[in-house]
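K.L.:
Data: data.pdb, PDB, C-alpha atoms.
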```pdb
MODEL        1
ATOM      1  CA  MET A  26      94.572 108.392  53.284  1.00  0.00           C
ATOM      2  CA  ASN A  27      91.327 110.177  54.106  1.00  0.00           C
ATOM      3  CA  ASN A  28      87.785 109.188  53.325  1.00  0.00           C
ATOM      4  CA  ARG A  29      84.277 110.597  53.149  1.00  0.00           C
ATOM      5  CA  ILE A  30      82.451 107.474  54.272  1.00  0.00           C
ATOM      6  CA  ARG A  31      80.610 109.232  57.096  1.00  0.00           C
ATOM      7  CA  GLU A  32      79.429 111.959  54.719  1.00  0.00           C
ATOM      8  CA  PHE A  33      78.228 109.473  52.105  1.00  0.00           C
ATOM      9  CA  ARG A  34      76.610 107.321  54.763  1.00  0.00           C
ATOM     10  CA  ALA A  35      74.617 110.295  56.008  1.00  0.00           C
ATOM     11  CA  ARG A  36      73.636 111.169  52.460  1.00  0.00           C
ATOM     12  CA  PHE A  37      72.355 107.643  51.805  1.00  0.00           C
ATOM     13  CA  ASN A  38      70.840 107.389  55.291  1.00  0.00           C
ATOM     14  CA  LEU A  39      72.838 104.272  56.135  1.00  0.00           C
ATOM     15  CA  THR A  40      73.972 103.219  59.587  1.00  0.00           C
ATOM     16  CA  GLN A  41      77.440 101.821  60.146  1.00  0.00           C
ATOM     17  CA  GLU A  42      75.853  98.428  60.593  1.00  0.00           C
ATOM     18  CA  ASP A  43      73.958  98.677  57.285  1.00  0.00           C
ATOM     19  CA  LEU A  44      77.122  99.585  55.406  1.00  0.00           C
ATOM     20  CA  ALA A  45      79.099  96.854  57.158  1.00  0.00           C
ATOM     21  CA  LYS A  46      76.543  94.233  56.159  1.00  0.00           C
ATOM     22  CA  ARG A  47      76.487  95.444  52.558  1.00  0.00           C
ATOM     23  CA  VAL A  48      80.256  95.147  52.155  1.00  0.00           C
ATOM     24  CA  ASN A  49      80.491  92.019  54.355  1.00  0.00           C
ATOM     25  CA  VAL A  50      82.730  93.364  57.115  1.00  0.00           C
ATOM     26  CA  ARG A  51      82.210  93.932  60.832  1.00  0.00           C
ATOM     27  CA  ARG A  52      80.753  97.216  62.036  1.00  0.00           C
ATOM     28  CA  GLU A  53      83.994  97.819  63.901  1.00  0.00           C
ATOM     29  CA  THR A  54      85.826  97.996  60.547  1.00  0.00           C
ATOM     30  CA  ILE A  55      83.568 100.831  59.399  1.00  0.00           C
ATOM     31  CA  VAL A  56      84.223 102.616  62.719  1.00  0.00           C
ATOM     32  CA  PHE A  57      87.999 102.270  62.206  1.00  0.00           C
ATOM     33  CA  LEU A  58      87.674 103.499  58.610  1.00  0.00           C
ATOM     34  CA  GLU A  59      85.684 106.573  59.607  1.00  0.00           C
ATOM     35  CA  LYS A  60      88.226 107.420  62.292  1.00  0.00           C
ATOM     36  CA  ASN A  61      91.028 107.023  59.711  1.00  0.00           C
ATOM     37  CA  LYS A  62      92.556 104.274  61.825  1.00  0.00           C
ATOM     38  CA  TYR A  63      92.572 101.781  59.006  1.00  0.00           C
ATOM     39  CA  ASN A  64      93.391 101.891  55.315  1.00  0.00           C
ATOM     40  CA  PRO A  65      91.126  99.427  53.504  1.00  0.00           C
ATOM     41  CA  SER A  66      92.146  96.949  50.836  1.00  0.00           C
ATOM     42  CA  LEU A  67      91.414  97.901  47.248  1.00  0.00           C
ATOM     43  CA  LYS A  68      88.572  95.352  47.239  1.00  0.00           C
ATOM     44  CA  LEU A  69      86.893  96.873  50.297  1.00  0.00           C
ATOM     45  CA  ALA A  70      87.383 100.424  48.997  1.00  0.00           C
ATOM     46  CA  HIS A  71      85.827  99.337  45.696  1.00  0.00           C
ATOM     47  CA  ASP A  72      82.884  97.667  47.460  1.00  0.00           C
ATOM     48  CA  ILE A  73      82.218 100.753  49.600  1.00  0.00           C
ATOM     49  CA  ALA A  74      82.367 103.059  46.583  1.00  0.00           C
ATOM     50  CA  GLN A  75      80.004 100.730  44.754  1.00  0.00           C
ATOM     51  CA  VAL A  76      77.451 100.920  47.575  1.00  0.00           C
ATOM     52  CA  PHE A  77      77.425 104.710  47.170  1.00  0.00           C
ATOM     53  CA  GLY A  78      77.508 104.456  43.360  1.00  0.00           C
ATOM     54  CA  VAL A  79      80.542 106.696  42.971  1.00  0.00           C
ATOM     55  CA  PRO A  80      84.147 106.147  41.850  1.00  0.00           C
ATOM     56  CA  ILE A  81      86.660 105.149  44.547  1.00  0.00           C
ATOM     57  CA  GLU A  82      88.496 108.470  44.335  1.00  0.00           C
ATOM     58  CA  GLU A  83      85.354 110.317  45.424  1.00  0.00           C
ATOM     59  CA  VAL A  84      85.233 108.369  48.684  1.00  0.00           C
ATOM     60  CA  PHE A  85      88.946 107.908  49.356  1.00  0.00           C
ATOM     61  CA  THR A  86      91.501 110.661  48.931  1.00  0.00           C
ATOM     62  CA  PHE A  87      95.242 110.769  49.457  1.00  0.00           C
ATOM     63  CA  ASP A  88      97.205 113.455  51.239  1.00  0.00           C
ATOM     64  CA  ASP A  89     100.270 114.781  49.452  1.00  0.00           C
ATOM     65  CA  GLU A  90     102.293 113.946  52.551  1.00  0.00           C
TER      66      GLU A  90
ATOM     67  CA  MET B  24      82.587  80.074  64.756  1.00  0.00           C
ATOM     68  CA  LYS B  25      85.070  77.176  64.745  1.00  0.00           C
ATOM     69  CA  ARG B  26      87.885  79.387  65.969  1.00  0.00           C
ATOM     70  CA  GLY B  27      85.661  80.777  68.713  1.00  0.00           C
ATOM     71  CA  ILE B  28      84.930  77.251  69.939  1.00  0.00           C
ATOM     72  CA  ILE B  29      88.656  76.413  69.807  1.00  0.00           C
ATOM     73  CA  ALA B  30      89.504  79.586  71.785  1.00  0.00           C
ATOM     74  CA  LEU B  31      86.897  78.690  74.416  1.00  0.00           C
ATOM     75  CA  LEU B  32      88.104  75.089  74.592  1.00  0.00           C
ATOM     76  CA  VAL B  33      91.770  76.094  74.949  1.00  0.00           C
ATOM     77  CA  SER B  34      90.840  78.686  77.594  1.00  0.00           C
ATOM     78  CA  ALA B  35      88.891  76.064  79.563  1.00  0.00           C
ATOM     79  CA  ILE B  36      91.784  73.554  79.388  1.00  0.00           C
ATOM     80  CA  VAL B  37      94.331  76.202  80.446  1.00  0.00           C
ATOM     81  CA  LEU B  38      92.088  77.349  83.312  1.00  0.00           C
ATOM     82  CA  ALA B  39      91.459  73.784  84.519  1.00  0.00           C
ATOM     83  CA  THR B  40      95.169  72.903  84.359  1.00  0.00           C
ATOM     84  CA  ALA B  41      96.200  76.131  86.131  1.00  0.00           C
ATOM     85  CA  ALA B  42      93.566  75.602  88.852  1.00  0.00           C
ATOM     86  CA  TYR B  43      94.679  71.972  89.294  1.00  0.00           C
ATOM     87  CA  TRP B  44      98.298  73.129  89.639  1.00  0.00           C
ATOM     88  CA  PHE B  45      97.581  76.113  91.898  1.00  0.00           C
ATOM     89  CA  PHE B  46      95.128  74.478  94.303  1.00  0.00           C
ATOM     90  CA  GLY B  47      97.075  71.231  94.363  1.00  0.00           C
ATOM     91  CA  LEU B  48     100.328  72.863  95.461  1.00  0.00           C
ATOM     92  CA  GLU B  49     101.779  70.922  98.386  1.00  0.00           C
ATOM     93  CA  LYS B  50     104.242  73.621  99.406  1.00  0.00           C
ATOM     94  CA  SER B  51     103.091  76.960 100.764  1.00  0.00           C
ATOM     95  CA  VAL B  52     101.960  79.395  98.073  1.00  0.00           C
ATOM     96  CA  ASN B  53     104.502  82.140  97.363  1.00  0.00           C
ATOM     97  CA  VAL B  54     104.300  85.435  95.488  1.00  0.00           C
ATOM     98  CA  GLN B  55     105.636  83.892  92.274  1.00  0.00           C
ATOM     99  CA  ASP B  56     102.855  81.274  92.252  1.00  0.00           C
ATOM    100  CA  ILE B  57     100.169  83.893  92.846  1.00  0.00           C
ATOM    101  CA  LEU B  58     101.653  86.098  90.095  1.00  0.00           C
ATOM    102  CA  SER B  59     101.749  83.206  87.612  1.00  0.00           C
ATOM    103  CA  PHE B  60      98.178  82.206  88.444  1.00  0.00           C
ATOM    104  CA  GLY B  61      97.008  85.829  88.107  1.00  0.00           C
ATOM    105  CA  ILE B  62      98.643  86.168  84.689  1.00  0.00           C
ATOM    106  CA  ILE B  63      97.049  82.899  83.544  1.00  0.00           C
ATOM    107  CA  ILE B  64      93.629  84.153  84.681  1.00  0.00           C
ATOM    108  CA  ILE B  65      94.132  87.382  82.690  1.00  0.00           C
ATOM    109  CA  LEU B  66      95.143  85.384  79.593  1.00  0.00           C
ATOM    110  CA  VAL B  67      92.144  83.078  79.958  1.00  0.00           C
ATOM    111  CA  GLY B  68      89.919  86.146  80.294  1.00  0.00           C
ATOM    112  CA  PHE B  69      91.419  87.490  77.063  1.00  0.00           C
ATOM    113  CA  GLY B  70      90.739  84.160  75.319  1.00  0.00           C
ATOM    114  CA  ILE B  71      87.122  84.104  76.513  1.00  0.00           C
ATOM    115  CA  TRP B  72      86.610  87.737  75.438  1.00  0.00           C
ATOM    116  CA  PHE B  73      88.053  86.876  71.998  1.00  0.00           C
ATOM    117  CA  ALA B  74      85.658  83.911  71.645  1.00  0.00           C
ATOM    118  CA  VAL B  75      82.614  85.820  72.899  1.00  0.00           C
ATOM    119  CA  ARG B  76      83.264  88.635  70.405  1.00  0.00           C
ATOM    120  CA  ARG B  77      83.263  86.127  67.557  1.00  0.00           C
ATOM    121  CA  PHE B  78      80.035  84.513  68.764  1.00  0.00           C
ATOM    122  CA  SER B  79      78.273  87.858  69.159  1.00  0.00           C
ATOM    123  CA  ALA B  80      79.431  88.928  65.675  1.00  0.00           C
ATOM    124  CA  VAL B  81      77.982  85.764  64.145  1.00  0.00           C
ATOM    125  CA  ARG B  82      74.757  86.207  66.114  1.00  0.00           C
ATOM    126  CA  SER B  83      74.323  89.768  64.811  1.00  0.00           C
ATOM    127  CA  GLY B  84      74.835  88.604  61.222  1.00  0.00           C
ATOM    128  CA  GLU B  85      78.396  89.911  60.853  1.00  0.00           C
ATOM    129  CA  PRO B  86      81.320  87.807  59.625  1.00  0.00           C
ATOM    130  CA  PRO B  87      83.332  86.338  62.559  1.00  0.00           C
ATOM    131  CA  GLU B  88      86.461  87.854  61.049  1.00  0.00           C
ATOM    132  CA  ASP B  89      87.164  90.301  58.268  1.00  0.00           C
ATOM    133  CA  GLU B  90      90.211  91.963  56.722  1.00  0.00           C
ATOM    134  CA  LEU B  91      90.715  94.340  59.675  1.00  0.00           C
ATOM    135  CA  SER B  92      90.517  91.655  62.376  1.00  0.00           C
ATOM    136  CA  LYS B  93      92.869  89.412  60.361  1.00  0.00           C
ATOM    137  CA  LYS B  94      95.312  92.276  59.907  1.00  0.00           C
ATOM    138  CA  ILE B  95      95.256  93.086  63.634  1.00  0.00           C
ATOM    139  CA  VAL B  96      96.047  89.445  64.500  1.00  0.00           C
ATOM    140  CA  GLN B  97      98.798  89.259  61.857  1.00  0.00           C
ATOM    141  CA  LYS B  98     100.423  92.492  62.949  1.00  0.00           C
ATOM    142  CA  SER B  99     100.181  91.558  66.635  1.00  0.00           C
ATOM    143  CA  ALA B 100     101.769  88.177  65.888  1.00  0.00           C
ATOM    144  CA  ALA B 101     104.630  89.785  63.970  1.00  0.00           C
ATOM    145  CA  TRP B 102     105.297  92.392  66.677  1.00  0.00           C
ATOM    146  CA  SER B 103     105.062  89.884  69.510  1.00  0.00           C
ATOM    147  CA  TYR B 104     107.538  87.605  67.706  1.00  0.00           C
ATOM    148  CA  TYR B 105     110.151  90.380  67.524  1.00  0.00           C
ATOM    149  CA  ILE B 106     109.565  91.469  71.125  1.00  0.00           C
ATOM    150  CA  SER B 107     109.670  87.845  72.335  1.00  0.00           C
ATOM    151  CA  LEU B 108     113.154  87.402  70.879  1.00  0.00           C
ATOM    152  CA  TYR B 109     114.418  90.160  73.181  1.00  0.00           C
ATOM    153  CA  MET B 110     112.405  88.755  76.075  1.00  0.00           C
ATOM    154  CA  TRP B 111     114.127  85.345  75.691  1.00  0.00           C
ATOM    155  CA  VAL B 112     117.537  87.040  75.561  1.00  0.00           C
ATOM    156  CA  PHE B 113     116.611  88.872  78.762  1.00  0.00           C
ATOM    157  CA  LEU B 114     115.484  85.611  80.423  1.00  0.00           C
ATOM    158  CA  ILE B 115     118.760  83.884  79.471  1.00  0.00           C
ATOM    159  CA  TRP B 116     120.663  86.837  80.940  1.00  0.00           C
ATOM    160  CA  LEU B 117     118.477  86.732  84.067  1.00  0.00           C
ATOM    161  CA  LYS B 118     118.807  82.954  84.535  1.00  0.00           C
ATOM    162  CA  ASP B 119     122.473  83.227  85.530  1.00  0.00           C
ATOM    163  CA  ARG B 120     121.770  85.983  88.027  1.00  0.00           C
ATOM    164  CA  VAL B 121     118.853  84.542  89.984  1.00  0.00           C
ATOM    165  CA  THR B 122     118.131  81.000  91.085  1.00  0.00           C
ATOM    166  CA  MET B 123     115.648  79.672  88.551  1.00  0.00           C
ATOM    167  CA  ASP B 124     115.010  76.086  87.413  1.00  0.00           C
ATOM    168  CA  THR B 125     114.854  75.353  83.700  1.00  0.00           C
ATOM    169  CA  GLU B 126     111.096  74.674  84.088  1.00  0.00           C
ATOM    170  CA  GLN B 127     110.610  78.060  85.727  1.00  0.00           C
ATOM    171  CA  VAL B 128     112.517  79.845  82.945  1.00  0.00           C
ATOM    172  CA  LEU B 129     110.496  78.050  80.261  1.00  0.00           C
ATOM    173  CA  GLY B 130     107.228  78.697  82.089  1.00  0.00           C
ATOM    174  CA  ALA B 131     108.050  82.376  82.522  1.00  0.00           C
ATOM    175  CA  GLY B 132     109.042  82.601  78.847  1.00  0.00           C
ATOM    176  CA  ILE B 133     105.847  80.973  77.572  1.00  0.00           C
ATOM    177  CA  LEU B 134     103.653  83.107  79.848  1.00  0.00           C
ATOM    178  CA  SER B 135     105.538  86.254  78.814  1.00  0.00           C
ATOM    179  CA  MET B 136     105.055  85.421  75.125  1.00  0.00           C
ATOM    180  CA  ALA B 137     101.304  85.132  75.667  1.00  0.00           C
ATOM    181  CA  VAL B 138     101.227  88.416  77.610  1.00  0.00           C
ATOM    182  CA  ILE B 139     103.281  90.170  74.894  1.00  0.00           C
ATOM    183  CA  PHE B 140     100.854  88.958  72.218  1.00  0.00           C
ATOM    184  CA  MET B 141      97.883  90.140  74.270  1.00  0.00           C
ATOM    185  CA  LEU B 142      99.440  93.587  74.782  1.00  0.00           C
ATOM    186  CA  CYS B 143     100.316  93.890  71.070  1.00  0.00           C
ATOM    187  CA  TYR B 144      96.740  92.911  70.169  1.00  0.00           C
ATOM    188  CA  ILE B 145      95.264  95.525  72.513  1.00  0.00           C
ATOM    189  CA  PHE B 146      97.725  98.145  71.220  1.00  0.00           C
ATOM    190  CA  HIS B 147      96.744  97.554  67.589  1.00  0.00           C
ATOM    191  CA  ARG B 148      93.052  97.529  68.383  1.00  0.00           C
ATOM    192  CA  VAL B 149      93.346 100.894  70.120  1.00  0.00           C
ATOM    193  CA  ARG B 150      95.762 102.497  67.671  1.00  0.00           C
ATOM    194  CA  GLY B 151      94.348 101.003  64.476  1.00  0.00           C
ATOM    195  CA  VAL B 152      96.190  99.568  61.495  1.00  0.00           C
ATOM    196  CA  ARG B 153      97.462 101.993  58.911  1.00  0.00           C
ATOM    197  CA  ASN B 154      99.795 101.353  56.014  1.00  0.00           C
ATOM    198  CA  GLU B 155     102.715 103.438  57.168  1.00  0.00           C
TER     199      GLU B 155
ENDMDL
END
```
What is this file in structure tokens?
P.N.:
Amino acid sequence: MNNRIREFRARFNLTQEDLAKRVNVRRETIVFLEKNKYNPSLKLAHDIAQVFGVPIEEVFTFDDE
Amino acid sequence: MKRGIIALLVSAIVLATAAYWFFGLEKSVNVQDILSFGIIIILVGFGIWFAVRRFSAVRSGEPPEDELSKKIVQKSAAWSYYISLYMWVFLIWLKDRVTMDTEQVLGAGILSMAVIFMLCYIFHRVRGVRNE
């Protein structure tokens, strides 16, 4: 599972801390997500996509493998 | 916050008990005693670090735990349980080959379980948690 959180964050001029506070997680979780070290729950993925105002599939993508 | 206080409290009790045992030893201190005390100090350090992280998260307006931190603890607990089973089998095997009291075997087992959990926790924090 890949994501474009860093790209969207830059577009919306949000720091990792800002995003973490908006979706009620620790900053460390956003760091893990951006490094692809953690696959979020559907709820967290939904919350993150909602912050950026886009559908989930625009932020999170799946590899065929 | 509550869990952080509990972690600090448990760490303080463990440290006080270990210090009371170590510095109150009537016999001469051997390598095994020093090793046990060293491991306890490392575990207490881990407990304090765990508590301090929670306090600093709360202070900076973050939740003390979220889905990632819960998952890391859960996965570490599951892994350490499996590994501990083999560790106990090893200790039972070892018991018949070296002179060890029952108390020493139990003490070594309990300390090893704590160390295994700590190592699993560190491993998952470094590696991350993916749904493989």
K.L.:
So which one's closest to chain A, B:Pro86, B:Val37, B:Val121, B:Leu142? Using all atoms listed in the file, please.
P.N.:
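Closest residue, counting all atoms listed in the file: B:Pro86.
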K.L.:
List the residues selected by the PyMOL selection byres ((chain A) within 12 of (chain B)) in the file shown, writing them as a ChimeraX atom specification.
P.N.:
/A:26-27,41-70,90
K.L.:
Those residues with C-alpha atoms, as a CSV table (one decimal), in the frame of the given file please?
P.N.:
```
chain,number,residue,atom,x,y,z
A,26,MET,CA,94.6,108.4,53.3
A,27,ASN,CA,91.3,110.2,54.1
A,41,GLN,CA,77.4,101.8,60.1
A,42,GLU,CA,75.9,98.4,60.6
A,43,ASP,CA,74.0,98.7,57.3
A,44,LEU,CA,77.1,99.6,55.4
A,45,ALA,CA,79.1,96.9,57.2
A,46,LYS,CA,76.5,94.2,56.2
A,47,ARG,CA,76.5,95.4,52.6
A,48,VAL,CA,80.3,95.1,52.2
A,49,ASN,CA,80.5,92.0,54.4
A,50,VAL,CA,82.7,93.4,57.1
A,51,ARG,CA,82.2,93.9,60.8
A,52,ARG,CA,80.8,97.2,62.0
A,53,GLU,CA,84.0,97.8,63.9
A,54,THR,CA,85.8,98.0,60.5
A,55,ILE,CA,83.6,100.8,59.4
A,56,VAL,CA,84.2,102.6,62.7
A,57,PHE,CA,88.0,102.3,62.2
A,58,LEU,CA,87.7,103.5,58.6
A,59,GLU,CA,85.7,106.6,59.6
A,60,LYS,CA,88.2,107.4,62.3
A,61,ASN,CA,91.0,107.0,59.7
A,62,LYS,CA,92.6,104.3,61.8
A,63,TYR,CA,92.6,101.8,59.0
A,64,ASN,CA,93.4,101.9,55.3
A,65,PRO,CA,91.1,99.4,53.5
A,66,SER,CA,92.1,96.9,50.8
A,67,LEU,CA,91.4,97.9,47.2
A,68,LYS,CA,88.6,95.4,47.2
A,69,LEU,CA,86.9,96.9,50.3
A,70,ALA,CA,87.4,100.4,49.0
A,90,GLU,CA,102.3,113.9,52.6
```
K.L.:
For a cut-off of 12 Å around (108.3, 87.6, 74.4), file coordinates, pick out all residues using all atoms listed in the file and list them as an MDAnalysis selection string.
P.N.:
chainID B and resid 99:114 129:143
K.L.:
One number please: atom CA of His71 of chain A to atom CA of Ile95 of chain B, in Å, one decimal.
P.N.:
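Spanning atom CA of His71 of chain A to atom CA of Ile95 of chain B is a straight-line distance of 21.2 Å.
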K.L.:
Using all atoms listed in the file, which of the listed residues (B:Ile145, B:Ile64, B:Leu58, B:Val96) sits closest to Leu38 of chain B?
P.N.:
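The shortest atom-to-atom distance to Leu38 of chain B comes from B:Ile64.
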K.L.:
Give me, please, the distance in Å between atom CA of Val67 of chain B and atom CA of Glu49 of chain B, quoted to one decimal.
P.N.:
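According to the coordinates, atom CA of Val67 of chain B and atom CA of Glu49 of chain B are separated by 24.1 Å.
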K.L.:
Kindly write C-alpha atoms of chain A from the structure just given to a file, as a PDB file, in the first residue's frame.
P.N.:
```pdb
ATOM      1  CA  MET A  26       0.000   0.000   0.000  1.00  0.00           C
ATOM      2  CA  ASN A  27       1.442   3.353  -1.034  1.00  0.00           C
ATOM      3  CA  ASN A  28       0.251   6.826  -0.223  1.00  0.00           C
ATOM      4  CA  ARG A  29       0.624  10.428  -1.322  1.00  0.00           C
ATOM      5  CA  ILE A  30       0.283  12.011   2.102  1.00  0.00           C
ATOM      6  CA  ARG A  31       3.552  13.935   1.843  1.00  0.00           C
ATOM      7  CA  GLU A  32       2.536  15.339  -1.544  1.00  0.00           C
ATOM      8  CA  PHE A  33      -0.908  16.394  -0.325  1.00  0.00           C
ATOM      9  CA  ARG A  34       0.556  17.819   2.860  1.00  0.00           C
ATOM     10  CA  ALA A  35       2.908  20.003   0.844  1.00  0.00           C
ATOM     11  CA  ARG A  36       0.049  21.091  -1.382  1.00  0.00           C
ATOM     12  CA  PHE A  37      -2.064  22.125   1.613  1.00  0.00           C
ATOM     13  CA  ASN A  38       0.957  23.571   3.429  1.00  0.00           C
ATOM     14  CA  LEU A  39       0.435  21.344   6.460  1.00  0.00           C
ATOM     15  CA  THR A  40       3.135  20.092   8.796  1.00  0.00           C
ATOM     16  CA  GLN A  41       3.112  16.525  10.051  1.00  0.00           C
ATOM     17  CA  GLU A  42       2.047  17.859  13.416  1.00  0.00           C
ATOM     18  CA  ASP A  43      -0.877  19.811  11.920  1.00  0.00           C
ATOM     19  CA  LEU A  44      -2.135  16.746  10.080  1.00  0.00           C
ATOM     20  CA  ALA A  45      -1.671  14.556  13.150  1.00  0.00           C
ATOM     21  CA  LYS A  46      -3.734  16.931  15.271  1.00  0.00           C
ATOM     22  CA  ARG A  47      -6.481  17.121  12.654  1.00  0.00           C
ATOM     23  CA  VAL A  48      -6.904  13.346  12.486  1.00  0.00           C
ATOM     24  CA  ASN A  49      -6.234  12.859  16.227  1.00  0.00           C
ATOM     25  CA  VAL A  50      -3.124  10.685  16.026  1.00  0.00           C
ATOM     26  CA  ARG A  51       0.472  11.195  17.127  1.00  0.00           C
ATOM     27  CA  ARG A  52       2.929  12.867  14.777  1.00  0.00           C
ATOM     28  CA  GLU A  53       4.933   9.653  14.796  1.00  0.00           C
ATOM     29  CA  THR A  54       2.004   7.882  13.084  1.00  0.00           C
ATOM     30  CA  ILE A  55       2.127  10.353  10.196  1.00  0.00           C
ATOM     31  CA  VAL A  56       5.902   9.783   9.947  1.00  0.00           C
ATOM     32  CA  PHE A  57       5.360   5.999   9.777  1.00  0.00           C
ATOM     33  CA  LEU A  58       2.619   6.459   7.163  1.00  0.00           C
ATOM     34  CA  GLU A  59       4.790   8.650   4.952  1.00  0.00           C
ATOM     35  CA  LYS A  60       7.627   6.140   5.148  1.00  0.00           C
ATOM     36  CA  ASN A  61       5.173   3.352   4.214  1.00  0.00           C
ATOM     37  CA  LYS A  62       5.949   1.602   7.485  1.00  0.00           C
ATOM     38  CA  TYR A  63       2.339   1.446   8.538  1.00  0.00           C
ATOM     39  CA  ASN A  64      -0.941   0.687   6.814  1.00  0.00           C
ATOM     40  CA  PRO A  65      -3.667   2.794   8.429  1.00  0.00           C
ATOM     41  CA  SER A  66      -7.116   1.634   9.462  1.00  0.00           C
ATOM     42  CA  LEU A  67      -9.973   2.480   7.131  1.00  0.00           C
ATOM     43  CA  LYS A  68     -11.115   5.132   9.629  1.00  0.00           C
ATOM     44  CA  LEU A  69      -7.732   6.875   9.672  1.00  0.00           C
ATOM     45  CA  ALA A  70      -7.393   6.657   5.880  1.00  0.00           C
ATOM     46  CA  HIS A  71     -10.871   8.176   5.569  1.00  0.00           C
ATOM     47  CA  ASP A  72     -10.037  10.968   8.033  1.00  0.00           C
ATOM     48  CA  ILE A  73      -6.802  11.824   6.203  1.00  0.00           C
ATOM     49  CA  ALA A  74      -8.553  11.881   2.830  1.00  0.00           C
ATOM     50  CA  GLN A  75     -11.240  14.096   4.322  1.00  0.00           C
ATOM     51  CA  VAL A  76      -8.652  16.618   5.527  1.00  0.00           C
ATOM     52  CA  PHE A  77      -7.412  16.920   1.936  1.00  0.00           C
ATOM     53  CA  GLY A  78     -10.967  16.870   0.543  1.00  0.00           C
ATOM     54  CA  VAL A  79     -10.313  14.009  -1.858  1.00  0.00           C
ATOM     55  CA  PRO A  80     -11.495  10.390  -2.093  1.00  0.00           C
ATOM     56  CA  ILE A  81      -9.431   7.776  -0.224  1.00  0.00           C
ATOM     57  CA  GLU A  82      -8.180   6.186  -3.441  1.00  0.00           C
ATOM     58  CA  GLU A  83      -6.468   9.437  -4.424  1.00  0.00           C
ATOM     59  CA  VAL A  84      -4.345   9.374  -1.273  1.00  0.00           C
ATOM     60  CA  PHE A  85      -3.864   5.629  -0.834  1.00  0.00           C
ATOM     61  CA  THR A  86      -3.034   3.284  -3.680  1.00  0.00           C
ATOM     62  CA  PHE A  87      -2.443  -0.447  -3.817  1.00  0.00           C
ATOM     63  CA  ASP A  88       0.345  -2.237  -5.624  1.00  0.00           C
ATOM     64  CA  ASP A  89      -0.654  -5.174  -7.795  1.00  0.00           C
ATOM     65  CA  GLU A  90       1.835  -7.293  -5.868  1.00  0.00           C
TER      66      GLU A  90
END
```
